[in-house]
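Below is one structure, written out as C-alpha cells; the observations come after it.
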Amino acid sequence: MKKINCLLSVSVLLIIAACNDEKKPAAATTKQSPTETKKEVIIVTPAPTVIVKDPPAKTTTIVLDKNGVKVGTKKVEVIIKKNNNK
C-alpha cells in the first residue's frame, strides 16, 4: 500500500511539474531599440466566386408498378470556370 501511495504522489508531482508553464511577461523578454520601427500588415481576402445555375428540369423519374420501384436519372454535366475579371 505504501508503494502505491508513493508512486501515485510521484506521478502527480511529475504531472504538475510538466504542466507548470510560467512565461515571463512580454515586456521583460522583448526589448525594442528606439530606432526600430513597427510594421503594419494588411491582409486582403479575395471576393468569393458566385456560381449561378438554373436547376435542371426534372432529371429524376420514379415509376411504381406491380413489379416494384424503378428510379431513372439523367447525367448532369457540371463545369466550373475561374473568372479572371479584375
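Note on naming: chains are A, B, ... as they come in the C-alpha cells, residues start from 1 per chain, ligands start from 1 in the order shown.
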
Tell me which protein, DNA and RNA residues are within 9 Å of Thr61 of chain A, counting only C-alpha atoms, leaving out same-chain ones fewer than 2 positions away, and put them as a VMD selection string.
chain A and resid 58 to 59 63 70 to 74

Any idea what the distance is between atom CA of Asn20 of chain A and atom CA of Leu8 of chain A?
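Result for atom CA of Asn20 of chain A versus atom CA of Leu8 of chain A: 18.3 Å, one decimal.
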
In Å, how far is it from atom CA of Asn83 of chain A to atom CA of Lys53 of chain A?
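We find that atom CA of Asn83 of chain A and atom CA of Lys53 of chain A lie 15.0 Å from each other.
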
What's the separation between atom CA of Ile4 of chain A and atom CA of Ala18 of chain A, in Å to one decimal place?
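Answer for the atom CA of Ile4 of chain A to atom CA of Ala18 of chain A separation: 21.0 Å.
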